[in-house]
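Everything on this sheet refers to the single structure shown next.
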Amino acid sequence: MTRRQNTIRICVVGCALLLIARWAPADEIPRVFDVENTGSEFTPPVLPAIDALPEITTLPDPFEWSDHSGRCTSFADWARRRAEIQAEVEHYGIGSKPPRPGKLSARYENGELIVDVNHNNESLTLTARVILPEGDLTAPCPAVIGVGFPSGSLPAEIFTNRRIAMIAFDFRQVMAHTQKRGEEPINRLYPDLTHIGAYAAWPWGVSRLIDGLELVEKDLPIDRSHLAVTGCSFAGKMALFAGALDERIALTIAQEPGGGGAAAWRVSETLGNVETLGRTSHAWFREEMFAFRDTVEKLPYDHHEVMAMVAPRALLVLGNTDYEWLADESGYVSCRAAHEVWKTFGIGDRFGYSIEGGHPHCRLPGSQRAEVEAFVDTFLLDKSNVDTAIARHPFPDTDAQKWFATWATEPTQP
């Protein structure tokens, strides 16, 4: 076989495989993975300095390769493209999330999951309160990891009524809400990572709890293929980044995450007194990110792509228009753009957003409860025939599609 014939054969076979993956039935696309990062072996893309970055005035195309050599709309290529987005988010935004350390042990005692992490001749201990369902636990049960509290800011009965375990993540054991760079618990293990933001450090802590669940599986009956993470406000951002950066999480519920969470920096710049890139906390992101303060158009990604990193797993975003700072109009536009990724893979019902006012911050109203329950029933309990096609918002006059019309696969509904 000549070199030309071999090249043609490779192209034909490759194209056939891509077509199979592109049009594969939705039930053949995984809902969750058994590894933290399926793209860890891919070579990172070139990450230019800010002066060398092009200006992108609309929301960047989540399917475009970082070297601008083409577009990836096949699920077969998504792990590689997702890895590129992660590299950009970490390099320009939050800093690198450390991988699982080689020395890690865990135990389950007196209702607590205790994880001891050892690295660089230093140690860090995470303790997480676990609330198990009452009754027979011969079969492992699903679980939700709540930021700060066992169920985050969601009503606990949503989970207790469904025999779902609840695990509280104490983020302060990793990094304080307003970190002092170099003086946080995680810095004992990684003294060279003083530049990272909290949204790299806190998801690292969530991942180490999941590692711990694996190590104590004989003593703590948790079904690790049905894990959720949730939090509200700054913890809603935390939940989003945790879900984006750990593919072992089947369901992410980001409640009122605001700017730096679901909202897109570019869109937020066009609004009023909202959390923009220049106004967000320096403790939560890399200090270098603030070089984009006056030129967000040069940032090679935006937060619709942070949400897209959760795909093909499930994500529900909840908003609250009573708080201008949350920039929920920007969040709506960003959600519309992110939804294009799930829809392109034929799994649009794995992503939902519900934006509603008339309730206190981080207090789930009755009208959003059924939406949360639908996602919990579908993605933690595997119930079928549950409607998760949730796209509720109060912005009928907002032209969201102008922000992503150049790359959307097809016209989308409001």
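All residue names refer to the structure tokens as shown: chains lettered A, B, ... in order, residues numbered from 1 in each chain, ligands numbered from 1 in order.
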With a cut-off of 6 Å, could you pull out the residues of stretch 159-226 of chain A touching stretch 137-150 of chain A and give me the nearest pair of atoms for each, distance in Å to one decimal, using only C-alpha atoms, ordered by chain and ascending number, as CSV?
```
residue,atom,partner,partner_atom,distance
A:Ile164,CA,A:Pro142,CA,5.1
A:Ala165,CA,A:Ala143,CA,4.4
A:Met166,CA,A:Pro150,CA,4.9
A:Ile167,CA,A:Ile145,CA,4.7
A:Ala168,CA,A:Pro150,CA,4.0
A:Phe169,CA,A:Val147,CA,5.0
A:Asp170,CA,A:Gly148,CA,5.3
A:Pro221,CA,A:Pro140,CA,4.3
A:Ile222,CA,A:Pro140,CA,4.7
A:Asp223,CA,A:Pro140,CA,4.9
A:His226,CA,A:Pro142,CA,5.0
```
Any chance you can output those residues with N, CA and C atoms as an mmCIF file, in the first residue's frame?
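For reference, again25.cif as written:
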```cif
data_model
loop_
_atom_site.group_PDB
_atom_site.id
_atom_site.type_symbol
_atom_site.label_atom_id
_atom_site.label_comp_id
_atom_site.auth_asym_id
_atom_site.auth_seq_id
_atom_site.Cartn_x
_atom_site.Cartn_y
_atom_site.Cartn_z
ATOM 1 N N ILE A 164 -30.963 9.424 49.472
ATOM 2 C CA ILE A 164 -29.683 9.864 48.911
ATOM 3 C C ILE A 164 -28.817 10.385 50.059
ATOM 4 N N ALA A 165 -27.597 9.892 50.160
ATOM 5 C CA ALA A 165 -26.689 10.333 51.218
ATOM 6 C C ALA A 165 -26.254 11.780 50.973
ATOM 7 N N MET A 166 -25.880 12.459 52.052
ATOM 8 C CA MET A 166 -25.421 13.844 51.964
ATOM 9 C C MET A 166 -24.051 13.956 52.631
ATOM 10 N N ILE A 167 -23.135 14.637 51.958
ATOM 11 C CA ILE A 167 -21.754 14.760 52.422
ATOM 12 C C ILE A 167 -21.390 16.240 52.429
ATOM 13 N N ALA A 168 -20.996 16.769 53.575
ATOM 14 C CA ALA A 168 -20.674 18.197 53.694
ATOM 15 C C ALA A 168 -19.200 18.440 53.394
ATOM 16 N N PHE A 169 -18.920 19.367 52.480
ATOM 17 C CA PHE A 169 -17.538 19.739 52.152
ATOM 18 C C PHE A 169 -17.185 21.031 52.876
ATOM 19 N N ASP A 170 -16.234 20.952 53.797
ATOM 20 C CA ASP A 170 -15.744 22.127 54.514
ATOM 21 C C ASP A 170 -14.572 22.712 53.734
ATOM 22 N N PRO A 221 -21.228 2.741 52.150
ATOM 23 C CA PRO A 221 -21.876 2.261 50.918
ATOM 24 C C PRO A 221 -22.410 3.390 50.028
ATOM 25 N N ILE A 222 -21.509 4.054 49.315
ATOM 26 C CA ILE A 222 -21.883 5.141 48.409
ATOM 27 C C ILE A 222 -21.711 4.679 46.970
ATOM 28 N N ASP A 223 -22.724 4.935 46.159
ATOM 29 C CA ASP A 223 -22.675 4.613 44.725
ATOM 30 C C ASP A 223 -21.947 5.757 44.018
ATOM 31 N N HIS A 226 -23.131 7.741 40.931
ATOM 32 C CA HIS A 226 -24.270 8.645 41.064
ATOM 33 C C HIS A 226 -23.973 9.677 42.146
#
```
With the cut-off set at 10 Å and counting only C-alpha atoms, tabulate each residue of stretch 268-352 of chain A with an atom at most that distance from an atom of stretch 75-96 of chain A, showing the nearest atom pair and its distance in Å to one decimal, ordered by chain and increasing number, as a tab-separated table.
```
residue	atom	partner	partner_atom	distance
A:Ala283	CA	A:Ile94	CA	9.8
A:Trp284	CA	A:Ile94	CA	7.3
A:Phe285	CA	A:Ile94	CA	4.5
A:Arg286	CA	A:Ile94	CA	5.0
A:Glu287	CA	A:Gly93	CA	8.4
A:Glu288	CA	A:Tyr92	CA	6.9
A:Met289	CA	A:Gly93	CA	5.3
A:Phe290	CA	A:Gly93	CA	8.7
A:Ala291	CA	A:Tyr92	CA	9.4
A:Phe292	CA	A:Tyr92	CA	9.2
A:Leu299	CA	A:Tyr92	CA	7.6
A:Pro300	CA	A:Glu88	CA	7.1
A:Tyr301	CA	A:Glu88	CA	6.9
A:Asp302	CA	A:Val89	CA	8.4
A:His303	CA	A:Val89	CA	9.0
A:Glu305	CA	A:Ile85	CA	7.0
A:Val306	CA	A:Val89	CA	7.5
A:Ala308	CA	A:Arg82	CA	8.0
A:Met309	CA	A:Arg82	CA	5.8
A:Val310	CA	A:Arg82	CA	9.0
A:Ala311	CA	A:Arg82	CA	8.9
A:Pro312	CA	A:Phe75	CA	8.8
A:Val341	CA	A:Phe75	CA	9.6
A:Trp342	CA	A:Phe75	CA	9.8
A:Thr344	CA	A:Phe75	CA	8.7
A:Phe345	CA	A:Phe75	CA	6.3
A:Gly346	CA	A:Phe75	CA	9.7
```
Give me a file of those residues, with C-alpha atoms, as a PDB file, in the first residue's frame.
```
ATOM      1  CA  ALA A 283      -8.715  35.587  46.022  1.00  0.00           C
ATOM      2  CA  TRP A 284     -10.883  33.347  43.867  1.00  0.00           C
ATOM      3  CA  PHE A 285      -8.885  33.597  40.617  1.00  0.00           C
ATOM      4  CA  ARG A 286      -5.328  33.977  39.425  1.00  0.00           C
ATOM      5  CA  GLU A 287      -4.016  37.481  39.896  1.00  0.00           C
ATOM      6  CA  GLU A 288      -2.921  37.357  36.255  1.00  0.00           C
ATOM      7  CA  MET A 289      -6.555  37.088  35.144  1.00  0.00           C
ATOM      8  CA  PHE A 290      -7.084  40.716  36.060  1.00  0.00           C
ATOM      9  CA  ALA A 291      -4.846  41.763  33.165  1.00  0.00           C
ATOM     10  CA  PHE A 292      -8.045  41.203  31.144  1.00  0.00           C
ATOM     11  CA  LEU A 299      -9.794  36.222  27.066  1.00  0.00           C
ATOM     12  CA  PRO A 300      -9.737  33.071  24.893  1.00  0.00           C
ATOM     13  CA  TYR A 301     -12.650  31.450  26.744  1.00  0.00           C
ATOM     14  CA  ASP A 302     -15.750  32.535  28.641  1.00  0.00           C
ATOM     15  CA  HIS A 303     -17.960  30.925  31.233  1.00  0.00           C
ATOM     16  CA  GLU A 305     -17.283  27.049  28.151  1.00  0.00           C
ATOM     17  CA  VAL A 306     -16.705  26.443  31.860  1.00  0.00           C
ATOM     18  CA  ALA A 308     -19.659  23.138  28.731  1.00  0.00           C
ATOM     19  CA  MET A 309     -16.827  21.267  30.447  1.00  0.00           C
ATOM     20  CA  VAL A 310     -19.534  19.463  32.440  1.00  0.00           C
ATOM     21  CA  ALA A 311     -20.912  17.907  29.220  1.00  0.00           C
ATOM     22  CA  PRO A 312     -21.930  15.170  28.589  1.00  0.00           C
ATOM     23  CA  VAL A 341     -22.860  21.815  23.321  1.00  0.00           C
ATOM     24  CA  TRP A 342     -25.308  19.357  24.881  1.00  0.00           C
ATOM     25  CA  THR A 344     -25.046  19.196  19.418  1.00  0.00           C
ATOM     26  CA  PHE A 345     -24.391  15.816  21.034  1.00  0.00           C
ATOM     27  CA  GLY A 346     -28.121  15.027  21.072  1.00  0.00           C
TER      28      GLY A 346
END
```
With a cut-off of 6 Å, could you pull out the residues of stretch 303-402 of chain A touching stretch 238-257 of chain A and give me the nearest pair of atoms for each, distance in Å to one decimal, using only C-alpha atoms, ordered by chain and ascending number, as CSV?
```
residue,atom,partner,partner_atom,distance
A:Met309,CA,A:Ala244,CA,5.0
A:Val310,CA,A:Ala244,CA,4.6
A:Arg313,CA,A:Ala250,CA,5.6
A:Ala314,CA,A:Leu251,CA,4.8
A:Leu315,CA,A:Thr252,CA,4.8
A:Leu316,CA,A:Ile253,CA,4.9
A:Val317,CA,A:Ala254,CA,4.9
A:Leu318,CA,A:Gln255,CA,4.7
A:Gly319,CA,A:Glu256,CA,4.6
```
Selection to disk with C-alpha atoms, as a tab-separated table (two decimals), in the first residue's frame:
```
chain	number	residue	atom	x	y	z
A	309	MET	CA	-16.83	21.27	30.45
A	310	VAL	CA	-19.53	19.46	32.44
A	313	ARG	CA	-22.81	14.95	32.28
A	314	ALA	CA	-25.81	16.77	33.80
A	315	LEU	CA	-25.87	20.42	34.87
A	316	LEU	CA	-28.69	22.51	36.33
A	317	VAL	CA	-28.16	26.26	36.85
A	318	LEU	CA	-30.50	28.23	39.14
A	319	GLY	CA	-30.73	32.04	39.07
```
Requested in this report: Please give the complete set of residues from stretch 16-137 of chain A that DSSP, run on the backbone, assigns to helix (DSSP H, G or I), formatted as a ChimeraX atom specification.
Outcome: /A:16-22,26-28,50-52,75-94
At most 12 Å is the cut-off: for each residue in stretch 141-206 of chain A with any atom that close to an atom of stretch 33-50 of chain A, write down the nearest atom pair and the distance in Å rounded to one decimal, counting only C-alpha atoms, chain first then increasing number, as CSV.
```
residue,atom,partner,partner_atom,distance
A:Pro203,CA,A:Glu36,CA,11.1
A:Trp204,CA,A:Glu36,CA,10.4
A:Val206,CA,A:Glu36,CA,10.9
```
Let me see the file: selected residues, N, CA and C atoms, as a PDB file, in the first residue's frame.
```pdb
ATOM      1  N   PRO A 203     -12.154  22.863  44.208  1.00  0.00           N
ATOM      2  CA  PRO A 203     -12.484  21.631  43.471  1.00  0.00           C
ATOM      3  C   PRO A 203     -11.476  20.509  43.720  1.00  0.00           C
ATOM      4  N   TRP A 204     -10.217  20.870  43.964  1.00  0.00           N
ATOM      5  CA  TRP A 204      -9.225  19.851  44.330  1.00  0.00           C
ATOM      6  C   TRP A 204      -9.679  19.134  45.598  1.00  0.00           C
ATOM      7  N   VAL A 206     -12.804  18.764  46.722  1.00  0.00           N
ATOM      8  CA  VAL A 206     -13.947  17.909  46.398  1.00  0.00           C
ATOM      9  C   VAL A 206     -13.458  16.607  45.766  1.00  0.00           C
TER      10      VAL A 206
END
```
Query - Option closest in space to A:Ala405, from A:Asp61, A:Glu55, A:Glu157, A:Asp294 [counting only C-alpha atoms] - result: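 Counting only C-alpha atoms, the residue closest to A:Ala405 is A:Asp61.
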Report task. List every residue of stretch 166-284 of chain A that DSSP, applied to the backbone of this structure, assigns to strand (DSSP E), and report them as an MDAnalysis selection string. Result -> chainID A and resid 166:169 222:232 251:255
Query raised in the report: Pick from A:Thr378, A:Thr321, A:Gln368, A:Asn110: nearest to A:Arg129, with only C-alpha atoms counted?
Result: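 Closest to A:Arg129 of all the choices is A:Asn110.
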Query raised in the report: What's the 10 Å shell around A:Asn118, counting only C-alpha atoms, without same-chain residues fewer than 3 positions away, as a list in words?
Result: Pro101, Gly102, Lys103, Leu104, Ser105, Val115, Asn121, Glu122, Ser123, Leu124, Thr125, Arg188 and Leu189 of chain A
Report task. Tell me, in Å to one decimal, how far atom CA of A:Arg31 is from atom CA of A:Leu227. Result ->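 Distance between the two atoms: 11.1 Å.
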Report task. Identify, on the basis of only C-alpha atoms, every residue whose closest approach to A:Thr276 does not exceed 7 Å; exclude the query and any residue fewer than 4 positions from it along the same chain; express the result as a PyMOL selection string. Result -> chain A and resi 259+265+268-269+280
Take the residues just selected and output them with N, CA and C atoms as a PDB file, in the first residue's frame.
```pdb
ATOM      1  N   GLY A 259     -21.622  36.139  38.616  1.00  0.00           N
ATOM      2  CA  GLY A 259     -20.414  36.397  37.857  1.00  0.00           C
ATOM      3  C   GLY A 259     -19.268  35.530  38.334  1.00  0.00           C
ATOM      4  N   TRP A 265     -18.288  36.722  31.236  1.00  0.00           N
ATOM      5  CA  TRP A 265     -17.628  38.010  31.486  1.00  0.00           C
ATOM      6  C   TRP A 265     -17.946  39.021  30.390  1.00  0.00           C
ATOM      7  N   SER A 268     -21.533  40.364  30.796  1.00  0.00           N
ATOM      8  CA  SER A 268     -21.676  41.152  32.023  1.00  0.00           C
ATOM      9  C   SER A 268     -21.133  42.562  31.859  1.00  0.00           C
ATOM     10  N   GLU A 269     -20.117  42.724  31.007  1.00  0.00           N
ATOM     11  CA  GLU A 269     -19.560  44.059  30.768  1.00  0.00           C
ATOM     12  C   GLU A 269     -20.588  45.010  30.167  1.00  0.00           C
ATOM     13  N   THR A 280     -14.666  41.099  40.467  1.00  0.00           N
ATOM     14  CA  THR A 280     -14.757  39.867  41.248  1.00  0.00           C
ATOM     15  C   THR A 280     -13.600  39.773  42.233  1.00  0.00           C
TER      16      THR A 280
END
```
Query raised in the report: Near A:Glu329, within 12 Å and counting only C-alpha atoms, which residues show up once chain neighbours fewer than 5 positions away are dropped, as an MDAnalysis selection string?
Result: chainID A and resid 258:259 262:272 274:275 319:324 334:336 354:356 393:400
Requested in this report: Choose the residue, out of A:Leu380, A:Ala156, A:Ile114, A:Leu213, that has the smallest atom-to-atom separation from A:Ile131; count only C-alpha atoms.
Outcome: A:Ala156
Query - Point-to-point distance from atom CA of A:Gly331 to atom CA of A:Asn273, Å rounded to tenths - result: 14.4 Å
Requested in this report: Find the residues around A:Gly182 up to 8 Å (only C-alpha atoms counted), leave out those fewer than 2 positions away in its own chain, and share them as a PyMOL selection string.
Outcome: chain A and resi 180+184+187+191+193-194
